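Q: Dropping the structure in here first, questions after.
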Amino acid sequence: MCSSKSKPQGTLSHINGRPVLQPNCNRTPLLERRNSLKKSSTNSSNTPILHPLLSSAPASPASPKLKSPRQPAIKRGNDTNGLNSSVEKVVTPRNTAKTSVTSVKKSKKSNNGGVGNASNSADNSSLKYSSSLIVEAPGSIAAARREQVAIMQVQRKIRIAHYGRTKSAKNEGKVIPVDSSASTTTVKEEKRCHFITSNSDPIYIAYHDEEWGVPVHHDKLLFELLLLTGAQVGSDWTTVLKKRPQFRDAFSGFDAEIIAKFTEKKITSTCTDYGIEPSQVRGAVDNANRILEIKKEFGSFDKYLWAFVNHKPIATQYKSCLKIPVKTSKSESISKAMVRRGFRYVGPTVIHSFMQAAGLTNDHLITCPRHLRCLALASQSPAVVPAL
């Protein structure tokens with residue numbers, strides 16, 4: 001502690017009209033030091049920074065009385081559309097309280113919680129400038145999207161004007177030309193049952209249009225269809241129909257009385273000459289003997305078979321070939337009855353195919369023109385059909 005009587009250690013200087021005692025250790029006057037600090041502070045404040053977090057010294061609070069030294073937003077780059085202009089490229093002073101750095105959302109939040117009115121106005125002007133560029137610029141994302149939507153609407157109007165409005169997505173692209181000869185043939189082919197296509201064999205198409213589903217009441221023709229149906233197991237109807245003349249010659253016109261008298265030598269020669277499997281020939285001989293037994297009991301093979309359906313064809317109402325079954329309860333009952341009598345190649349599937357071929361059931365689709373034709377033939381009195 002120094003007493004009041006001791007001499008003051010230091011020099012007495014007058015600053016702003018007031019005497020100030022300065023120690024001898026201070027070589028620089030306080031006024032000059034203050035001026036140097038002011039110059040250094042002004043120089044440091046004028047240096048731009050890109051991010052407030054990069055500054056080493058804490059930002060000093062801005063006085064509300066003084067105007068904010070913040071400069072207006074500066075757009076960098078030569079982008080004419082202004083798409084590259086963002087808040088990140090704006091040079092901001094050091095003494096701002098809250099600045100917009102990365103996105104428009106952060107800049108809006110900083111505008112709501114800013115300190116000075118001048119800084120808020122500067123932020124708002126920069127935001128309006130950038131948002132107007134994004135929305136109104138011809139090369140912006142929104143403008144490109146609007147242009148894309150407009151093109152899609154024009155294309156949709158063109159499609160509607162050309163194709164017309166469609167009720168469902170399934171009918172899109174299906175256009176049938178009018179006043180065209182090709183269109184009439186296409187329509188006729190589509191009206192047939194769906195298993196008849198443009199690639200179907202002509203002999204198979206003729207069989208569908210002339211024989212399949214027509215009620216048959218002739219014993220020889222019924223026996224023929226029964227043998228052909230059994231022969232197409234493991235094959236297809238087109239192959240069997242092409243071999244139909246060979247089957248007719250091999251089995252003597254499908255006469256049950258002649259076939260029942262086949263000997264072992266005749267069976268072997270038939271297999272060799274016509275290329276028919278021995279099991280099929282032996283099965284035909286056995287079935288011929290069973291038919292002769294039925295004729296003695298029922299009078300004819302026709303009466304025996306048609307009695308299972310009360311002498312009236314079964315009329316179905318199928319709209320798609322996928323709905324047609326491979327066998328039914330009726331075919332199973334007929335198959336069991338014929339197996340008990342000793343018939344061969346008479347499974348439920350084979351019998352159902354035989355019923356379709358012989359007209360015991362009308363499985364033509366309701367969209368097929370043969371459906372109504374077969375119904376009309378079924379309503380007529382049974383006539384004797386000559387053997388083919």
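FYI, nothing fancy with the structure tokens labels: chains A, B, ... in order, residues from 1 per chain, ligands from 1 as they appear.
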Excluding same-chain residues fewer than 4 positions from Val346 (chain A), what lies within 10 Å of it counting only C-alpha atoms, as a list of chain:residue names?

A: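 In the requested form, the answer reads A:Leu226, A:Leu227, A:Thr229, A:Gly230, A:Asn287, A:Ser331, A:Glu332, A:Ile334, A:Ser335, A:Lys336, A:Ala337, A:Met338, A:Val339, A:Gly342, A:Val350, A:Ile351, A:His352, A:Phe354.
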
Q: Write the residues of the selection above to a file with N, CA and C atoms, as a short mmCIF file (atom, residue, chain, number, x, y, z; two decimals), in the first residue's frame.

A:
```
data_model
loop_
_atom_site.label_atom_id
_atom_site.label_comp_id
_atom_site.auth_asym_id
_atom_site.auth_seq_id
_atom_site.Cartn_x
_atom_site.Cartn_y
_atom_site.Cartn_z
N LEU A 226 -65.90 -92.86 -80.12
CA LEU A 226 -65.37 -93.45 -78.89
C LEU A 226 -63.93 -93.93 -79.09
N LEU A 227 -63.65 -94.55 -80.25
CA LEU A 227 -62.29 -95.01 -80.52
C LEU A 227 -61.34 -93.83 -80.75
N THR A 229 -61.62 -90.82 -79.58
CA THR A 229 -61.39 -90.11 -78.31
C THR A 229 -60.38 -90.85 -77.45
N GLY A 230 -60.46 -92.19 -77.45
CA GLY A 230 -59.46 -92.97 -76.71
C GLY A 230 -58.09 -92.89 -77.35
N ASN A 287 -64.15 -103.52 -76.99
CA ASN A 287 -65.28 -102.59 -76.97
C ASN A 287 -66.35 -102.99 -77.98
N SER A 331 -69.99 -87.60 -66.50
CA SER A 331 -68.99 -88.42 -67.19
C SER A 331 -68.43 -89.49 -66.26
N GLU A 332 -68.31 -89.19 -65.00
CA GLU A 332 -67.81 -90.19 -64.05
C GLU A 332 -68.81 -91.33 -63.87
N ILE A 334 -71.07 -92.33 -66.11
CA ILE A 334 -71.07 -93.10 -67.34
C ILE A 334 -69.82 -93.98 -67.42
N SER A 335 -68.68 -93.42 -67.01
CA SER A 335 -67.43 -94.18 -67.04
C SER A 335 -67.51 -95.40 -66.12
N LYS A 336 -68.04 -95.22 -64.94
CA LYS A 336 -68.16 -96.35 -64.01
C LYS A 336 -69.08 -97.43 -64.58
N ALA A 337 -70.18 -97.02 -65.18
CA ALA A 337 -71.12 -98.01 -65.74
C ALA A 337 -70.49 -98.77 -66.90
N MET A 338 -69.72 -98.11 -67.74
CA MET A 338 -69.10 -98.79 -68.88
C MET A 338 -67.93 -99.65 -68.45
N VAL A 339 -67.20 -99.23 -67.41
CA VAL A 339 -66.10 -100.06 -66.91
C VAL A 339 -66.66 -101.35 -66.32
N GLY A 342 -67.08 -103.85 -68.93
CA GLY A 342 -65.88 -104.38 -69.56
C GLY A 342 -65.32 -103.50 -70.66
N VAL A 350 -61.89 -89.19 -70.73
CA VAL A 350 -62.16 -89.65 -72.09
C VAL A 350 -63.66 -89.62 -72.38
N ILE A 351 -64.46 -90.03 -71.41
CA ILE A 351 -65.91 -90.04 -71.61
C ILE A 351 -66.44 -88.62 -71.75
N HIS A 352 -65.90 -87.67 -70.99
CA HIS A 352 -66.37 -86.29 -71.12
C HIS A 352 -66.01 -85.72 -72.49
N PHE A 354 -65.69 -87.55 -75.14
CA PHE A 354 -66.61 -88.24 -76.05
C PHE A 354 -68.00 -87.63 -76.02
#
```

Q: Set the distance at 9 Å and use only C-alpha atoms: which residues neighbour Thr316 (chain A) once local chain neighbours fewer than 5 positions away are removed? I'd like the list as a ChimeraX atom specification.

A: /A:361-366

Q: Those selected residues, please, written with C-alpha atoms and delivered as an mmCIF file, in the first residue's frame.

A:
```cif
data_model
loop_
_atom_site.group_PDB
_atom_site.id
_atom_site.type_symbol
_atom_site.label_atom_id
_atom_site.label_comp_id
_atom_site.auth_asym_id
_atom_site.auth_seq_id
_atom_site.Cartn_x
_atom_site.Cartn_y
_atom_site.Cartn_z
ATOM 1 C CA THR A 361 -73.246 -82.089 -73.914
ATOM 2 C CA ASN A 362 -73.076 -78.755 -75.719
ATOM 3 C CA ASP A 363 -69.861 -77.155 -74.480
ATOM 4 C CA HIS A 364 -69.620 -74.496 -77.172
ATOM 5 C CA LEU A 365 -69.166 -71.075 -75.630
ATOM 6 C CA ILE A 366 -72.261 -68.889 -75.647
#
```

Q: Under the rule that only C-alpha atoms are counted, which of A:Asp209, A:His194, A:Gly359, A:Ser353 is the nearest residue to Asp236 (chain A)?

A: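 For Asp236 (chain A), the nearest of the candidates is A:Ser353.
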
Q: May I have a table of the residues of region 237-327 of chain A lying at most 9 Å from region 212-219 of chain A, giving each one's closest pair of atoms and their distance in Å to one decimal, counting only C-alpha atoms, ordered by chain and ascending residue number, as JSON lines?

A:
```
{"residue": "A:Asp255", "atom": "CA", "partner": "A:Asp219", "partner_atom": "CA", "distance": 8.8}
{"residue": "A:Ala256", "atom": "CA", "partner": "A:Asp219", "partner_atom": "CA", "distance": 8.8}
{"residue": "A:Ser300", "atom": "CA", "partner": "A:Asp219", "partner_atom": "CA", "distance": 7.0}
{"residue": "A:Phe301", "atom": "CA", "partner": "A:Asp219", "partner_atom": "CA", "distance": 5.7}
{"residue": "A:Asp302", "atom": "CA", "partner": "A:His217", "partner_atom": "CA", "distance": 5.5}
{"residue": "A:Lys303", "atom": "CA", "partner": "A:His217", "partner_atom": "CA", "distance": 8.3}
{"residue": "A:Trp306", "atom": "CA", "partner": "A:His217", "partner_atom": "CA", "distance": 8.5}
{"residue": "A:Pro313", "atom": "CA", "partner": "A:Pro215", "partner_atom": "CA", "distance": 7.4}
```
